[in-house]
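Asks: Sharing model-v9.csv below, CSV, C-alpha atoms:
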chain,number,residue,atom,x,y,z
A,6,MET,CA,17.6,-18.6,5.4
A,7,TYR,CA,16.9,-20.3,8.7
A,8,PRO,CA,16.7,-18.4,12.0
A,9,PRO,CA,18.9,-19.7,14.9
A,10,ARG,CA,17.0,-22.4,16.8
A,11,TRP,CA,16.9,-20.3,20.0
A,12,PHE,CA,15.4,-17.4,18.1
A,13,LEU,CA,12.6,-19.5,16.5
A,14,PRO,CA,9.8,-18.6,19.0
A,15,TYR,CA,10.6,-14.9,18.7
A,16,ASP,CA,10.8,-15.2,15.0
A,17,ILE,CA,7.3,-16.7,14.9
A,18,VAL,CA,6.0,-13.9,17.1
A,19,ILE,CA,7.6,-11.3,14.9
A,20,LEU,CA,6.2,-12.9,11.7
A,21,LEU,CA,2.7,-13.0,13.1
A,22,ALA,CA,3.0,-9.4,14.4
A,23,ILE,CA,4.0,-8.2,10.9
A,24,THR,CA,1.1,-10.2,9.4
A,25,LEU,CA,-1.3,-8.2,11.6
A,26,ILE,CA,0.2,-4.9,10.7
A,27,SER,CA,0.3,-5.7,7.0
A,28,MET,CA,-3.4,-6.8,7.2
A,29,ALA,CA,-4.3,-3.5,8.9
A,30,ILE,CA,-2.7,-1.5,6.1
A,31,ALA,CA,-4.3,-3.7,3.4
A,32,VAL,CA,-7.8,-3.2,5.0
A,33,PHE,CA,-7.2,0.6,5.3
A,34,ALA,CA,-6.2,0.7,1.6
A,35,LEU,CA,-9.2,-1.5,0.6
A,36,ARG,CA,-11.6,0.8,2.5
A,37,GLY,CA,-10.2,3.8,0.6
A,38,TYR,CA,-10.5,1.9,-2.7
A,39,ARG,CA,-14.1,1.2,-2.0
A,40,TRP,CA,-14.8,4.9,-1.5
A,41,ILE,CA,-12.5,6.5,-4.1
A,42,LYS,CA,-12.1,3.7,-6.7
A,43,GLU,CA,-8.5,4.6,-7.4
A,44,ARG,CA,-6.2,2.0,-8.8
A,45,SER,CA,-3.2,3.2,-6.7
A,46,LEU,CA,-5.2,2.2,-3.6
A,47,TYR,CA,-6.0,-1.2,-5.0
A,48,TYR,CA,-2.3,-1.8,-5.7
A,49,LEU,CA,-1.5,-0.9,-2.1
A,50,PHE,CA,-4.2,-3.2,-0.9
A,51,LEU,CA,-2.9,-6.1,-3.0
A,52,ALA,CA,0.7,-5.5,-2.0
A,53,PHE,CA,0.1,-5.5,1.7
A,54,ALA,CA,-2.5,-8.3,1.6
A,55,LEU,CA,0.2,-10.5,-0.2
A,56,LEU,CA,2.8,-9.5,2.4
A,57,ALA,CA,0.4,-10.5,5.1
A,58,ILE,CA,-0.3,-13.9,3.4
A,59,GLY,CA,3.5,-14.5,3.0
A,60,PHE,CA,4.4,-13.6,6.6
A,61,PHE,CA,1.5,-15.7,7.9
A,62,ALA,CA,2.5,-18.7,5.9
A,63,ALA,CA,6.1,-18.4,7.1
A,64,GLY,CA,5.1,-17.8,10.8
A,65,MET,CA,2.6,-20.7,10.8
A,66,THR,CA,4.9,-23.2,9.1
A,67,GLU,CA,7.8,-22.3,11.4
A,68,GLY,CA,5.5,-22.8,14.3
A,69,ILE,CA,4.5,-26.3,13.0
A,70,ASP,CA,8.1,-27.2,12.6
A,71,TYR,CA,9.1,-25.9,16.0
A,72,LEU,CA,6.3,-27.8,17.7
A,73,GLY,CA,7.2,-31.0,15.7
A,74,GLN,CA,10.8,-31.7,15.2
A,75,PRO,CA,13.9,-29.6,14.4
A,76,TYR,CA,14.2,-28.9,10.7
A,77,PRO,CA,16.9,-31.0,9.1
A,78,ARG,CA,20.1,-29.5,7.7
A,79,GLY,CA,21.3,-30.8,4.4
A,80,PHE,CA,17.9,-32.3,3.6
A,81,THR,CA,16.9,-33.6,0.2
A,82,GLY,CA,13.1,-33.1,0.5
A,83,LEU,CA,11.1,-30.0,1.4
A,84,THR,CA,10.2,-29.5,5.0
A,85,VAL,CA,7.1,-27.6,6.2
A,86,THR,CA,9.3,-24.6,6.8
A,87,ASP,CA,10.5,-24.8,3.2
A,88,VAL,CA,7.0,-24.7,1.9
A,89,GLY,CA,6.2,-21.7,4.1
A,90,GLY,CA,9.4,-20.1,3.0
A,91,LEU,CA,8.5,-20.5,-0.7
A,92,VAL,CA,5.0,-19.1,-0.1
A,93,TYR,CA,6.6,-16.2,1.8
A,94,TYR,CA,9.1,-15.4,-1.0
A,95,ALA,CA,6.5,-15.8,-3.8
A,96,CYS,CA,4.1,-13.4,-2.0
A,97,SER,CA,6.8,-10.9,-0.9
A,98,ILE,CA,8.3,-10.7,-4.4
A,99,LEU,CA,4.8,-10.3,-6.0
A,100,ALA,CA,3.9,-7.6,-3.4
A,101,PHE,CA,7.1,-5.6,-4.0
A,102,VAL,CA,6.7,-6.0,-7.8
A,103,ILE,CA,3.2,-4.6,-7.6
A,104,LEU,CA,4.4,-1.7,-5.4
A,105,ALA,CA,7.3,-1.0,-7.7
A,106,PHE,CA,5.1,-1.0,-10.8
A,107,ALA,CA,2.4,1.0,-9.2
A,108,TYR,CA,4.8,4.0,-9.7
A,109,PHE,CA,4.5,3.5,-13.4
A,110,ARG,CA,0.9,2.3,-13.6
A,111,THR,CA,1.0,0.7,-17.0
A,112,ALA,CA,-0.9,-2.5,-17.7
A,113,ARG,CA,2.1,-4.0,-19.6
A,114,GLU,CA,4.4,-3.7,-16.6
A,115,ILE,CA,1.9,-5.1,-14.2
A,116,ALA,CA,1.7,-8.2,-16.5
A,117,ILE,CA,5.3,-8.9,-15.7
A,118,ALA,CA,4.5,-9.4,-12.0
A,119,PRO,CA,3.2,-13.0,-12.2
A,120,ALA,CA,6.3,-13.9,-14.2
A,121,LEU,CA,8.6,-12.6,-11.5
A,122,ALA,CA,6.5,-14.2,-8.8
A,123,ALA,CA,7.1,-17.6,-10.6
A,124,LEU,CA,10.8,-17.1,-9.8
A,125,PRO,CA,10.6,-18.8,-6.3
A,126,ILE,CA,9.1,-21.9,-8.0
A,127,ALA,CA,12.0,-22.0,-10.4
A,128,LEU,CA,14.6,-21.7,-7.6
A,129,PRO,CA,13.3,-24.0,-4.8
A,130,SER,CA,15.2,-23.6,-1.5
A,131,TYR,CA,17.8,-21.3,-3.0
A,132,TYR,CA,16.9,-18.5,-0.6
A,133,PRO,CA,19.9,-16.2,-1.1
A,134,ALA,CA,18.8,-15.6,-4.7
A,135,LEU,CA,15.2,-14.9,-3.6
A,136,GLU,CA,16.5,-12.4,-1.0
A,137,ALA,CA,18.5,-10.7,-3.6
A,138,VAL,CA,15.4,-10.3,-5.8
A,139,ILE,CA,13.6,-8.7,-2.9
A,140,ILE,CA,16.5,-6.4,-2.3
A,141,VAL,CA,16.6,-5.3,-5.9
A,142,LEU,CA,12.8,-4.6,-5.8
A,143,LEU,CA,13.1,-2.7,-2.6
A,144,PHE,CA,15.9,-0.7,-4.0
A,145,VAL,CA,13.6,0.3,-7.0
A,146,ILE,CA,10.8,1.3,-4.6
A,147,VAL,CA,13.2,3.3,-2.4
A,148,PHE,CA,14.6,5.0,-5.5
A,149,ALA,CA,11.1,5.9,-6.7
A,150,GLN,CA,10.2,7.3,-3.3
A,151,VAL,CA,13.4,9.4,-3.2
A,152,VAL,CA,12.4,10.9,-6.6
A,153,HIS,CA,8.8,11.5,-5.4
A,154,LEU,CA,10.1,13.1,-2.2
A,155,SER,CA,12.4,15.4,-4.2
A,156,VAL,CA,9.3,16.7,-6.0
A,157,ARG,CA,6.8,16.7,-3.2
A,158,LYS,CA,8.2,17.3,0.2
A,159,SER,CA,6.0,15.7,2.9
A,160,ARG,CA,6.6,14.4,6.4
A,161,SER,CA,4.7,11.2,5.9
A,162,ALA,CA,6.4,10.5,2.5
A,163,PHE,CA,9.7,10.9,4.3
A,164,ALA,CA,8.6,8.5,7.0
A,165,VAL,CA,7.5,5.9,4.5
A,166,LEU,CA,10.8,6.3,2.7
A,167,ILE,CA,12.6,5.6,6.0
A,168,THR,CA,10.5,2.4,6.6
A,169,PHE,CA,11.3,1.0,3.1
A,170,GLY,CA,14.9,1.9,3.7
A,171,MET,CA,14.7,-0.1,6.9
A,172,LEU,CA,13.1,-3.0,5.0
A,173,LEU,CA,16.0,-2.8,2.5
A,174,VAL,CA,18.6,-3.0,5.3
A,175,SER,CA,16.7,-5.9,7.0
A,176,HIS,CA,16.7,-8.0,3.9
A,177,ALA,CA,20.4,-7.2,3.2
A,178,LEU,CA,21.2,-8.4,6.8
A,179,ILE,CA,19.1,-11.6,6.3
A,180,LEU,CA,20.9,-12.2,3.0
A,181,VAL,CA,24.4,-11.7,4.6
A,182,SER,CA,23.4,-13.9,7.6
A,183,SER,CA,23.6,-17.1,5.5
A,184,ALA,CA,27.3,-16.5,4.8
A,185,ARG,CA,28.4,-14.6,7.9
A,186,SER,CA,26.5,-15.1,11.1
A,187,GLU,CA,23.1,-16.1,12.3
A,188,ASP,CA,23.1,-13.1,14.6
A,189,LEU,CA,22.7,-10.9,11.5
A,190,TYR,CA,19.4,-12.8,10.8
A,191,VAL,CA,18.2,-11.8,14.3
A,192,ALA,CA,19.2,-8.2,13.6
A,193,GLY,CA,17.5,-8.3,10.2
A,194,MET,CA,14.2,-9.5,11.7
A,195,ILE,CA,14.3,-6.8,14.5
A,196,VAL,CA,14.9,-4.1,11.9
A,197,GLU,CA,12.0,-5.5,9.7
A,198,LEU,CA,9.7,-5.5,12.8
A,199,ALA,CA,10.7,-1.9,13.6
A,200,ALA,CA,9.9,-0.9,10.0
A,201,PHE,CA,6.4,-2.4,10.2
A,202,VAL,CA,5.8,-0.9,13.7
A,203,PHE,CA,6.8,2.5,12.2
A,204,LEU,CA,4.2,1.9,9.4
A,205,LEU,CA,1.6,1.0,12.0
A,206,VAL,CA,2.3,4.4,13.8
A,207,LEU,CA,1.8,6.1,10.4
A,208,LEU,CA,-1.4,4.2,9.8
A,209,LEU,CA,-2.8,5.4,13.1
A,210,GLU,CA,-2.0,9.0,12.1
A,211,TRP,CA,-3.6,8.5,8.7
A,212,ARG,CA,-6.8,7.2,10.3
A,213,LYS,CA,-7.3,10.3,12.4
A,214,PRO,CA,-10.1,12.5,11.1
A,215,ARG,CA,-8.9,15.8,9.7
B,156,MET,CA,-2.1,19.5,4.5
B,157,SER,CA,-2.8,22.0,1.8
B,158,GLU,CA,-5.5,21.1,-0.7
B,159,ARG,CA,-4.5,21.2,-4.4
B,160,ALA,CA,-6.3,23.6,-6.6
B,161,PRO,CA,-8.0,22.0,-9.6
B,162,SER,CA,-5.9,22.3,-12.6
B,163,ALA,CA,-5.9,21.4,-16.3
B,164,ARG,CA,-3.6,18.4,-15.7
B,165,TYR,CA,-5.1,14.9,-15.7
B,166,ARG,CA,-7.4,14.4,-12.9
B,167,SER,CA,-8.8,11.0,-11.8
B,168,LYS,CA,-12.5,10.6,-11.4
B,169,GLY,CA,-12.1,10.5,-7.6
B,170,ARG,CA,-10.3,13.8,-7.6
B,171,ILE,CA,-12.9,15.4,-9.9
B,172,PHE,CA,-15.6,14.2,-7.5
B,173,ALA,CA,-13.7,15.7,-4.6
B,174,ASP,CA,-13.2,19.0,-6.4
B,175,ILE,CA,-16.9,19.3,-7.2
B,176,LEU,CA,-17.9,18.4,-3.6
B,177,ARG,CA,-15.4,20.9,-2.2
B,178,ALA,CA,-16.9,23.6,-4.5
B,179,VAL,CA,-20.4,22.7,-3.3
B,180,LYS,CA,-19.3,22.6,0.3
B,181,GLU,CA,-17.9,26.1,0.1
B,182,SER,CA,-21.3,27.6,-0.4
B,183,GLU,CA,-24.1,25.9,1.4
B,184,ALA,CA,-26.2,25.8,-1.8
B,185,ALA,CA,-24.1,26.0,-4.9
B,186,LYS,CA,-25.3,27.0,-8.4
B,187,PRO,CA,-23.9,25.0,-11.4
B,188,THR,CA,-22.0,28.0,-12.7
B,189,HIS,CA,-20.2,28.3,-9.3
B,190,ILE,CA,-19.3,24.6,-9.4
B,191,LEU,CA,-18.2,24.9,-13.0
B,192,TYR,CA,-15.8,27.7,-12.2
B,193,LYS,CA,-14.4,26.2,-9.0
B,194,ALA,CA,-14.0,22.7,-10.2
B,195,ASN,CA,-12.6,23.8,-13.6
B,196,LEU,CA,-14.8,21.6,-15.8
B,197,SER,CA,-16.6,22.0,-19.1
B,198,HIS,CA,-20.3,22.3,-19.0
B,199,ASP,CA,-20.8,18.8,-20.5
B,200,ARG,CA,-18.4,17.1,-18.1
B,201,LEU,CA,-19.9,18.9,-15.2
B,202,THR,CA,-23.4,17.8,-16.1
B,203,LYS,CA,-22.2,14.2,-16.4
B,204,TYR,CA,-20.4,14.3,-13.0
B,205,LEU,CA,-23.2,16.1,-11.2
B,206,SER,CA,-25.5,13.4,-12.3
B,207,MET,CA,-23.1,10.7,-11.1
B,208,LEU,CA,-22.7,12.4,-7.7
B,209,GLU,CA,-26.4,12.7,-7.3
B,210,ASP,CA,-27.0,9.1,-8.2
B,211,SER,CA,-24.3,8.0,-5.7
B,212,GLY,CA,-26.0,10.0,-3.0
B,213,LEU,CA,-23.1,12.4,-2.5
B,214,LEU,CA,-24.9,15.5,-3.7
B,215,LEU,CA,-28.5,16.7,-3.4
B,216,LYS,CA,-30.2,18.6,-6.3
B,217,ASN,CA,-32.6,21.3,-5.2
B,218,VAL,CA,-34.9,22.6,-7.9
B,219,ASP,CA,-37.0,25.7,-7.3
B,220,GLY,CA,-38.6,26.8,-10.5
B,221,ASP,CA,-35.7,27.7,-12.9
B,222,LYS,CA,-33.3,27.9,-10.0
B,223,VAL,CA,-31.1,24.8,-9.6
B,224,GLU,CA,-28.8,24.4,-6.6
B,225,TYR,CA,-26.7,21.6,-5.2
B,226,SER,CA,-25.9,20.8,-1.6
B,227,ILE,CA,-23.6,18.2,-0.1
B,228,THR,CA,-25.0,15.2,1.7
B,229,ASP,CA,-23.6,13.4,4.8
B,230,LYS,CA,-22.3,10.7,2.5
B,231,GLY,CA,-20.6,13.4,0.4
B,232,GLU,CA,-18.9,14.8,3.5
B,233,GLN,CA,-17.8,11.3,4.3
B,234,PHE,CA,-16.4,10.9,0.8
B,235,LEU,CA,-14.4,14.2,1.2
B,236,LEU,CA,-13.0,12.9,4.5
B,237,GLU,CA,-12.0,9.6,3.0
B,238,PHE,CA,-10.5,11.3,0.0
B,239,ARG,CA,-8.3,13.5,2.2
B,240,ARG,CA,-7.2,10.5,4.2
B,241,MET,CA,-6.4,8.4,1.1
B,242,GLU,CA,-4.7,11.3,-0.7
B,243,GLN,CA,-2.3,11.6,2.2
B,244,PHE,CA,-1.9,7.8,2.5
B,245,ALA,CA,-1.2,7.3,-1.2
B,246,ASP,CA,1.0,10.4,-1.3
B,247,ALA,CA,3.1,9.0,1.5
B,248,PHE,CA,3.9,6.0,-0.7
B,249,GLY,CA,4.7,8.2,-3.6
B,250,LEU,CA,1.5,7.3,-5.4
B,251,GLU,CA,-1.1,9.7,-6.8
B,252,ILE,CA,-4.8,9.4,-6.6
What's the C-alpha cells form of this structure?
Replies:
Amino acid sequence: MYPPRWFLPYDIVILLAITLISMAIAVFALRGYRWIKERSLYYLFLAFALLAIGFFAAGMTEGIDYLGQPYPRGFTGLTVTDVGGLVYYACSILAFVILAFAYFRTAREIAIAPALAALPIALPSYYPALEAVIIVLLFVIVFAQVVHLSVRKSRSAFAVLITFGMLLVSHALILVSSARSEDLYVAGMIVELAAFVFLLVLLLEWRKPR
Amino acid sequence: MSERAPSARYRSKGRIFADILRAVKESEAAKPTHILYKANLSHDRLTKYLSMLEDSGLLLKNVDGDKVEYSITDKGEQFLLEFRRMEQFADAFGLEI
C-alpha cells in the first residue's frame, strides 16, 4: 500500500504524530501498571508501544526513501519502505491481537499472538492481505467494545468505541485504495490520524486528577 | 464516576487494595473490624492484605495498647488516585482491572 508521491511528506508527518500519541498512551498505561500491577494495563501498554514502534518504523523508512530516490514500482527486491511496511504490519497485527485477546485474558489465547504476528513474514509485500488481517482484528475489538458498552454504559467507553470504529474505517479505505484510487489512501490516513487525535483528547481527560 | 461497592465476585489484588484504602480513608483512623466490614473480606485475608499495604507504605498501623488502628499515607492517597484513573482508562477500552 503506497501513498501517492505528493502525499508522502504529509504521510510521514501523520505517521510520526501517531507514533507520539501511541507512545503517550503506552507510557500512561505503563505508569498505571507500575502502581496497580494489573495485567489489563500491561496489555494496553504492550499494544500501544507496539503500535508506536510500527508507525515509527513506517514513518522513518518512508522518510529515508523520500529523501533518497522514488520507490520503484514492480520491483523484485525489498526497498527500505518495504522493510518499514513489514515492521509496521508485524507490530500492528501483534498489537491488535494483544488488544483483542485482552478481552478474554487467557494465557492460551495470548500464545497465539506471536503466531499471528509471523504472518507478515510469510506474506512479504502482499499488503492487501495484511490490511485484511488488521481489519478482521479491529472488527473483533469493536465487537467486544460494543458488547462491553451494552453492559456498562460510559461516555469514555463510547468514545473509545468511536475511535476504534474510525480505525476500522481507515484501514478499510487503505485496503480499497490499492484497487480503486490513491485518494482513498489519503482519506484513510486522515481518518486514522483523527482517531488517534481523539484518543489523545481522551488521554488528557483521563490524566486529570479527580 | 460512581465507585463500585465491594462484592463477592472476583476482585483483583489492586481492587482489594483500593477497597481497603477507601474503607480506611472514610474514617481517619480505621479499626480492623470496620475495614473488614467495608472491604468485604475474611479475617485471614484482611490480615494478609493489611500487612502487604503496610509493607508497601500505603497504610500506617497505629498501636496504642490493645487498640489497633490504620490510617492512609500520602502514598496510599496517590494509589487511590491512580486506581481511579486506571479504572476509568481500562474501562474505556472495555477491560476490567
Asks: With all atoms listed in the file considered, list every residue of chain B at most 9 Å from chain A, as a count of residues only.
Replies: 22
Asks: Within 12 Å of (-1.8, -5.5, -5.3) in the file's own coordinates, which protein, DNA or RNA residues have an atom, counting all atoms listed in the file? List them as a PDB file with C-alpha atoms, in the coordinates of the input.
Replies:
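Written out: point-v9.pdb:
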ATOM      1  CA  ALA A  31      -4.300  -3.700   3.400  1.00  0.00           C
ATOM      2  CA  ALA A  34      -6.200   0.700   1.600  1.00  0.00           C
ATOM      3  CA  LEU A  35      -9.200  -1.500   0.600  1.00  0.00           C
ATOM      4  CA  TYR A  38     -10.500   1.900  -2.700  1.00  0.00           C
ATOM      5  CA  ARG A  44      -6.200   2.000  -8.800  1.00  0.00           C
ATOM      6  CA  SER A  45      -3.200   3.200  -6.700  1.00  0.00           C
ATOM      7  CA  LEU A  46      -5.200   2.200  -3.600  1.00  0.00           C
ATOM      8  CA  TYR A  47      -6.000  -1.200  -5.000  1.00  0.00           C
ATOM      9  CA  TYR A  48      -2.300  -1.800  -5.700  1.00  0.00           C
ATOM     10  CA  LEU A  49      -1.500  -0.900  -2.100  1.00  0.00           C
ATOM     11  CA  PHE A  50      -4.200  -3.200  -0.900  1.00  0.00           C
ATOM     12  CA  LEU A  51      -2.900  -6.100  -3.000  1.00  0.00           C
ATOM     13  CA  ALA A  52       0.700  -5.500  -2.000  1.00  0.00           C
ATOM     14  CA  PHE A  53       0.100  -5.500   1.700  1.00  0.00           C
ATOM     15  CA  ALA A  54      -2.500  -8.300   1.600  1.00  0.00           C
ATOM     16  CA  LEU A  55       0.200 -10.500  -0.200  1.00  0.00           C
ATOM     17  CA  LEU A  56       2.800  -9.500   2.400  1.00  0.00           C
ATOM     18  CA  ALA A  57       0.400 -10.500   5.100  1.00  0.00           C
ATOM     19  CA  CYS A  96       4.100 -13.400  -2.000  1.00  0.00           C
ATOM     20  CA  SER A  97       6.800 -10.900  -0.900  1.00  0.00           C
ATOM     21  CA  ILE A  98       8.300 -10.700  -4.400  1.00  0.00           C
ATOM     22  CA  LEU A  99       4.800 -10.300  -6.000  1.00  0.00           C
ATOM     23  CA  ALA A 100       3.900  -7.600  -3.400  1.00  0.00           C
ATOM     24  CA  PHE A 101       7.100  -5.600  -4.000  1.00  0.00           C
ATOM     25  CA  VAL A 102       6.700  -6.000  -7.800  1.00  0.00           C
ATOM     26  CA  ILE A 103       3.200  -4.600  -7.600  1.00  0.00           C
ATOM     27  CA  LEU A 104       4.400  -1.700  -5.400  1.00  0.00           C
ATOM     28  CA  ALA A 105       7.300  -1.000  -7.700  1.00  0.00           C
ATOM     29  CA  PHE A 106       5.100  -1.000 -10.800  1.00  0.00           C
ATOM     30  CA  ALA A 107       2.400   1.000  -9.200  1.00  0.00           C
ATOM     31  CA  ARG A 110       0.900   2.300 -13.600  1.00  0.00           C
ATOM     32  CA  ILE A 115       1.900  -5.100 -14.200  1.00  0.00           C
ATOM     33  CA  ALA A 118       4.500  -9.400 -12.000  1.00  0.00           C
ATOM     34  CA  PRO A 119       3.200 -13.000 -12.200  1.00  0.00           C
TER      35      PRO A 119
END
Asks: Applying 9 Å and only C-alpha atoms, which residues near Pro187 (chain B) remain after dropping the ones on its own chain fewer than 2 positions away? List them as a PyMOL selection string.
Replies: chain B and resi 185+189-192+198+201-202+205+223-225
Asks: Take the selection from the previous step and output its residues with C-alpha atoms, as a compact mmCIF listing (two decimals), in the frame of the given file.
Replies:
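Output contents, as saved in selection.txt:
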# COMPACT_ATOMS: atom_id res chain seq x y z
CA ALA B 185 -24.10 26.00 -4.90
CA HIS B 189 -20.20 28.30 -9.30
CA ILE B 190 -19.30 24.60 -9.40
CA LEU B 191 -18.20 24.90 -13.00
CA TYR B 192 -15.80 27.70 -12.20
CA HIS B 198 -20.30 22.30 -19.00
CA LEU B 201 -19.90 18.90 -15.20
CA THR B 202 -23.40 17.80 -16.10
CA LEU B 205 -23.20 16.10 -11.20
CA VAL B 223 -31.10 24.80 -9.60
CA GLU B 224 -28.80 24.40 -6.60
CA TYR B 225 -26.70 21.60 -5.20
Asks: Taking all atoms listed in the file into account, name the residue in B:Asp221, B:Asp174, B:Asp229, B:Asp199 that is nearest to Lys186 (chain B).
Replies: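 Among the listed residues, B:Asp221 lies closest to Lys186 (chain B).
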Asks: I'd like the interatomic distance between CA of Met171 (chain A) and CA of Met28 (chain A), to a tenth of an Å.
Replies: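 So the answer is 19.3 Å.
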